[in-house]
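S.K.: First, the structure itself, so that you have it in front of you.
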Amino acid sequence: MLELIKQPWPWYTSGAMIGFTMVLLIYFGKSFGVSSNLRTLCTIAGAGAKVKFFDFDWKTQKWNLLFLVGSVFGGLLASTILKSDQPLKLSEATVQDLRSLGITFDGELNPSDIFGPDFALSVKGFIILLTGGLLVGFGARYAGGCTSGHAISGLSNLQLPSLLAVIGFFAGGLLMTYLLLPLIFKI
Amino acid sequence: MKSLKFIVTGVLFGIIMAKSEAISWYRIQEMFRFQSFHMFGIIGTAVLLGALAVYLLKKFKIRDYHGNPIVFQDKDKSFPRYLIGGLIFGLGWALTGACPGPMFVNIGYGYWAMIIVVLGSLVGTYIYGLIKDRLPH
């Protein structure tokens with residue numbers, strides 16, 4: 001059983017399990033949406049005193065923070081007792097494309113060329129990662145949700161606004177991938 | 001015990017996201033370059049089964065764990081916020097390879113640099129709260 005869980009999961013198992021997570025949260029009387037936690041964290045840090053948007057009772061969102069804490073622990077389990085010994089099977093075309101950006105495929109989940117300490121703690125690397133996060137945080141709140149809230153929860157409930165948001169996610173992703181990444185990683 | 005079920009669901013979610021490789025920067029690049037079906041398969045399966053589940057929950061008026069009716073909230077109808085906000089989100093998603101869930105799962109996995117991304121996302125959320133009344137929604 002453990003051997004079965006340890007190997008990388010096929011897309012259909014993964015997709016079905018994500019759907020199951022959403023249903024589980026609905027059954028608990030909640031909803032599946034991760035980015036709301038970022039607002040809650042701002043509120044806990046005291047942002048509500050100055051900005052009205054953060055002035056709400058964060059305890060109503062405690063369940064979602066617990067979910068978030070659990071997910072960190074899930075990541076830890078996946079990297080230890082559930083770690084696969086096989087390298088990630090990335091498409092050869094992607095490996096080639098990334099090589100031309102100067103990013104080496106190392107068989108792990110994330111490139112050390114970006115997330116390793118040498119780059120992440122350099123001035124350029126730090127600014128790139130911080131700005132990337134800033135865009136995600138700002139965009140998620142502006143759009144009223146992220147991949148979980150719109151792409152999974154919203155589309156499952158056949159919400160047209162969520163479809164618009166997902167179209168936006170992809171438009172932004174394509175713009176970054178084809179136009180901006182070459183500029184960012186080649187300077 | 002009330003809290004435990006959310007922690008356990010979170011643990012499950014973290015394992016799913018890591019084992020599906022959806023927390024991988026490489027996989028997100030592969031998706032935006034349309035060079036593999038993997039990520040599309042994951043999102044497609046989740047949405048298809050999710051839609052079926054939501055349909056059944058509504059049709060049979062299933063009640064939640066506390067015995068209350070399940071309420072599905074409709075999203076506000078508008079265009080700008082979803083398209084512009086979505087586009088900004090997408091820029092960050094392709095750059096960092098992480099949306100909010102995977103950021104945290106990655107930290108647990110041992111990718112400490114994701115803490116920088118999380119800090120950025122908190123700053124971004126704060127800026128939105130600060131200027132939201134001046135943005136088209």
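Starting from 1 in every chain, residues are counted up; chains themselves are A, B, ... following the order of the structure tokens, and ligands are numbered from 1 as listed.
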Residues near region 107-111 of chain A, anyone? I mean within 6 Å using only C-alpha atoms, not counting same-chain ones fewer than 5 positions away, as a list in words.
M.R.: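 Residues near the query, excluding close chain neighbours: Pro87 and Leu88 of chain A; Ser24 and Trp25 of chain B.
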S.K.: Since we have the selection now, will you write its residues out, keeping all heavy atoms, as a short mmCIF file (atom, residue, chain, number, x, y, z; two decimals), in the first residue's frame?
M.R.:
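Once written, again26.cif looks like this:
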```cif
data_model
loop_
_atom_site.label_atom_id
_atom_site.label_comp_id
_atom_site.auth_asym_id
_atom_site.auth_seq_id
_atom_site.Cartn_x
_atom_site.Cartn_y
_atom_site.Cartn_z
N PRO A 87 12.82 10.09 -10.60
CA PRO A 87 12.84 11.51 -10.98
C PRO A 87 11.54 11.89 -11.68
O PRO A 87 10.86 11.03 -12.25
CB PRO A 87 14.03 11.61 -11.93
CG PRO A 87 14.25 10.24 -12.46
CD PRO A 87 13.76 9.29 -11.39
N LEU A 88 11.19 13.17 -11.61
CA LEU A 88 9.99 13.66 -12.28
C LEU A 88 10.13 13.43 -13.79
O LEU A 88 11.20 13.62 -14.36
CB LEU A 88 9.85 15.15 -11.96
CG LEU A 88 8.56 15.87 -12.32
CD1 LEU A 88 8.17 16.82 -11.20
CD2 LEU A 88 8.71 16.67 -13.60
N SER B 24 4.88 21.41 -8.64
CA SER B 24 6.15 21.51 -9.34
C SER B 24 6.20 22.70 -10.30
O SER B 24 5.35 22.84 -11.18
CB SER B 24 6.42 20.23 -10.12
OG SER B 24 7.45 20.42 -11.06
N TRP B 25 7.21 23.52 -10.15
CA TRP B 25 7.45 24.65 -11.06
C TRP B 25 7.58 24.12 -12.49
O TRP B 25 7.05 24.70 -13.43
CB TRP B 25 8.74 25.38 -10.65
CG TRP B 25 9.03 26.64 -11.40
CD1 TRP B 25 8.66 27.91 -11.04
CD2 TRP B 25 9.77 26.78 -12.62
NE1 TRP B 25 9.11 28.81 -11.97
CE2 TRP B 25 9.80 28.15 -12.95
CE3 TRP B 25 10.40 25.87 -13.48
CZ2 TRP B 25 10.44 28.65 -14.09
CZ3 TRP B 25 11.03 26.36 -14.62
CH2 TRP B 25 11.05 27.74 -14.91
#
```
S.K.: Report as a Markdown table: every residue of chain A with an atom at most 6 Å from chain B, its closest pair of atoms, and their distance in Å to one decimal, counting only C-alpha atoms, with rows sorted by chain and ascending residue number.
M.R.:
```
| residue | atom | partner | partner_atom | distance |
| --- | --- | --- | --- | --- |
| A:Pro8 | CA | B:Lys19 | CA | 5.3 |
| A:Trp9 | CA | B:Ser20 | CA | 5.1 |
| A:Trp11 | CA | B:Ile42 | CA | 4.8 |
| A:Ser14 | CA | B:Ser20 | CA | 5.4 |
| A:Gly15 | CA | B:Ile42 | CA | 4.2 |
| A:Ala16 | CA | B:Ala46 | CA | 5.4 |
| A:Ile18 | CA | B:Ala46 | CA | 5.8 |
| A:Gly19 | CA | B:Ala46 | CA | 4.6 |
| A:Tyr27 | CA | B:Asp64 | CA | 4.6 |
| A:Phe28 | CA | B:Tyr65 | CA | 5.3 |
| A:Gly29 | CA | B:Asp64 | CA | 5.6 |
| A:Val34 | CA | B:Gly101 | CA | 5.7 |
| A:Ser35 | CA | B:Pro100 | CA | 5.6 |
| A:Leu38 | CA | B:Leu122 | CA | 5.8 |
| A:Phe53 | CA | B:Gly129 | CA | 5.4 |
| A:Leu66 | CA | B:Ile7 | CA | 5.2 |
| A:Phe67 | CA | B:Gly10 | CA | 4.1 |
| A:Leu68 | CA | B:Gly10 | CA | 6.0 |
| A:Gly70 | CA | B:Gly10 | CA | 4.1 |
| A:Ser71 | CA | B:Gly14 | CA | 4.0 |
| A:Val72 | CA | B:Gly108 | CA | 4.4 |
| A:Phe73 | CA | B:Gly108 | CA | 5.8 |
| A:Gly74 | CA | B:Val11 | CA | 4.1 |
| A:Gly75 | CA | B:Tyr109 | CA | 4.5 |
| A:Leu76 | CA | B:Gly108 | CA | 4.5 |
| A:Ala78 | CA | B:Ile15 | CA | 5.5 |
| A:Ser79 | CA | B:Tyr109 | CA | 5.2 |
| A:Thr94 | CA | B:Glu30 | CA | 5.7 |
| A:Leu109 | CA | B:Ser24 | CA | 4.6 |
| A:Asn110 | CA | B:Trp25 | CA | 5.2 |
| A:Phe115 | CA | B:Ala113 | CA | 5.5 |
| A:Leu129 | CA | B:Val117 | CA | 5.2 |
| A:Leu130 | CA | B:Gly120 | CA | 4.4 |
| A:Gly132 | CA | B:Gly92 | CA | 4.3 |
| A:Gly133 | CA | B:Ser121 | CA | 4.2 |
| A:Leu134 | CA | B:Gly124 | CA | 4.1 |
| A:Leu135 | CA | B:Gly92 | CA | 4.8 |
| A:Val136 | CA | B:Phe89 | CA | 4.4 |
| A:Gly137 | CA | B:Ser121 | CA | 3.9 |
| A:Phe138 | CA | B:Gly124 | CA | 4.2 |
| A:Gly139 | CA | B:Phe89 | CA | 4.1 |
| A:Ala140 | CA | B:Phe89 | CA | 5.7 |
| A:Tyr142 | CA | B:Gly85 | CA | 4.8 |
| A:Ala143 | CA | B:Gly85 | CA | 4.3 |
| A:Ile152 | CA | B:Val47 | CA | 5.5 |
| A:Ser156 | CA | B:Ala51 | CA | 3.9 |
| A:Leu164 | CA | B:Tyr82 | CA | 5.7 |
| A:Ala165 | CA | B:Tyr82 | CA | 4.4 |
| A:Gly168 | CA | B:Gly86 | CA | 4.1 |
| A:Phe169 | CA | B:Gly90 | CA | 4.0 |
| A:Phe170 | CA | B:Gly90 | CA | 6.0 |
| A:Ala171 | CA | B:Leu87 | CA | 5.8 |
| A:Gly172 | CA | B:Gly90 | CA | 4.1 |
| A:Gly173 | CA | B:Gly90 | CA | 4.4 |
| A:Leu174 | CA | B:Phe32 | CA | 6.0 |
| A:Met176 | CA | B:Leu91 | CA | 5.3 |
```
S.K.: Suppose we keep C-alpha atoms; can you now write the selection as a compact mmCIF listing (two decimals), in the first residue's frame?
M.R.:
```txt
# COMPACT_ATOMS: atom_id res chain seq x y z
CA PRO A 8 4.05 9.62 -8.51
CA TRP A 9 0.27 9.62 -8.90
CA TRP A 11 -3.39 12.59 -13.33
CA SER A 14 -4.78 13.25 -8.49
CA GLY A 15 -7.77 15.00 -10.09
CA ALA A 16 -10.27 12.70 -8.39
CA ILE A 18 -8.68 17.05 -5.43
CA GLY A 19 -12.40 16.80 -6.24
CA TYR A 27 -19.66 18.37 3.62
CA PHE A 28 -18.00 19.99 6.64
CA GLY A 29 -20.08 23.09 5.86
CA VAL A 34 -6.89 28.59 -0.23
CA SER A 35 -6.10 32.23 -1.03
CA LEU A 38 -3.69 35.28 2.88
CA PHE A 53 -10.85 45.18 4.05
CA LEU A 66 -5.93 24.72 10.12
CA PHE A 67 -6.39 23.29 6.62
CA LEU A 68 -3.38 25.35 5.51
CA GLY A 70 -2.27 20.57 7.55
CA SER A 71 -1.20 21.07 3.94
CA VAL A 72 2.31 22.12 5.05
CA PHE A 73 2.49 18.92 7.07
CA GLY A 74 1.20 16.96 4.05
CA GLY A 75 4.09 18.39 2.02
CA LEU A 76 6.50 17.26 4.73
CA ALA A 78 5.31 13.64 0.86
CA SER A 79 9.00 14.58 1.01
CA THR A 94 9.96 21.47 -21.83
CA LEU A 109 9.92 19.15 -8.27
CA ASN A 110 11.44 22.63 -8.45
CA PHE A 115 14.71 27.90 -5.53
CA LEU A 129 10.35 35.48 -6.02
CA LEU A 130 8.91 38.33 -3.95
CA GLY A 132 5.97 36.70 -8.26
CA GLY A 133 4.30 36.14 -4.90
CA LEU A 134 3.03 39.72 -4.87
CA LEU A 135 1.33 39.21 -8.25
CA VAL A 136 -0.27 35.97 -7.03
CA GLY A 137 -1.53 37.54 -3.80
CA PHE A 138 -2.81 40.74 -5.41
CA GLY A 139 -4.33 38.93 -8.39
CA ALA A 140 -6.04 36.28 -6.28
CA TYR A 142 -8.66 41.10 -7.01
CA ALA A 143 -10.15 38.13 -8.89
CA ILE A 152 -11.97 23.91 -8.96
CA SER A 156 -17.59 22.74 -10.42
CA LEU A 164 -13.52 34.34 -16.78
CA ALA A 165 -11.00 34.19 -13.95
CA GLY A 168 -7.40 35.40 -17.03
CA PHE A 169 -5.09 32.95 -15.19
CA PHE A 170 -4.12 31.40 -18.51
CA ALA A 171 -3.73 34.69 -20.34
CA GLY A 172 -1.36 35.89 -17.61
CA GLY A 173 0.47 32.57 -17.51
CA LEU A 174 1.04 32.55 -21.28
CA MET A 176 4.71 35.37 -18.52
```
S.K.: Excluding Thr40 (chain A) and any residue of its chain fewer than 6 positions from it, enumerate the residues within 10 Å of it, using only C-alpha atoms, and give them as a VMD selection string.
M.R.: (chain A and resid 46 to 48 54 to 62 64 to 65) or (chain B and resid 122 125)
S.K.: Can you spit out the residues from that selection as a tab-separated table (two decimals), in the first residue's frame, using C-alpha atoms?
M.R.:
```
chain	number	residue	atom	x	y	z
A	46	GLY	CA	-2.97	43.68	12.49
A	47	ALA	CA	-3.85	45.06	9.03
A	48	GLY	CA	-7.47	45.58	10.15
A	54	PHE	CA	-8.95	43.37	6.80
A	55	ASP	CA	-11.28	44.39	9.61
A	56	PHE	CA	-13.21	41.16	10.19
A	57	ASP	CA	-13.35	38.43	12.79
A	58	TRP	CA	-10.55	36.14	11.62
A	59	LYS	CA	-11.68	33.39	13.98
A	60	THR	CA	-14.47	32.57	11.49
A	61	GLN	CA	-11.64	31.48	9.16
A	62	LYS	CA	-9.75	29.42	11.72
A	64	ASN	CA	-9.16	27.31	6.76
A	65	LEU	CA	-5.90	28.18	8.56
B	122	LEU	CA	0.92	38.68	1.74
B	125	THR	CA	-2.95	40.89	-0.63
```
S.K.: Looking only at the backbone, which of the residues in region 10-165 of chain A does DSSP tag as alpha helix (DSSP H), as a PyMOL selection string?
M.R.: chain A and resi 11-27+36-44+62-79+92-100+112-115+117-120+123-143+155-156+160-165
S.K.: CA of Lys30 (chain A) to CA of Pro161 (chain A): how many Å, to one decimal?
M.R.: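 Rounded to one decimal, the two atoms are 20.1 Å apart.
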S.K.: Of the candidates A:Gln96, A:Thr21, A:Ser84, A:Ser91, which shows the shortest atom-to-atom distance to Leu2 (chain A), using only C-alpha atoms?
M.R.: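 Residue with the minimum atom-to-atom distance to Leu2 (chain A): A:Ser84.
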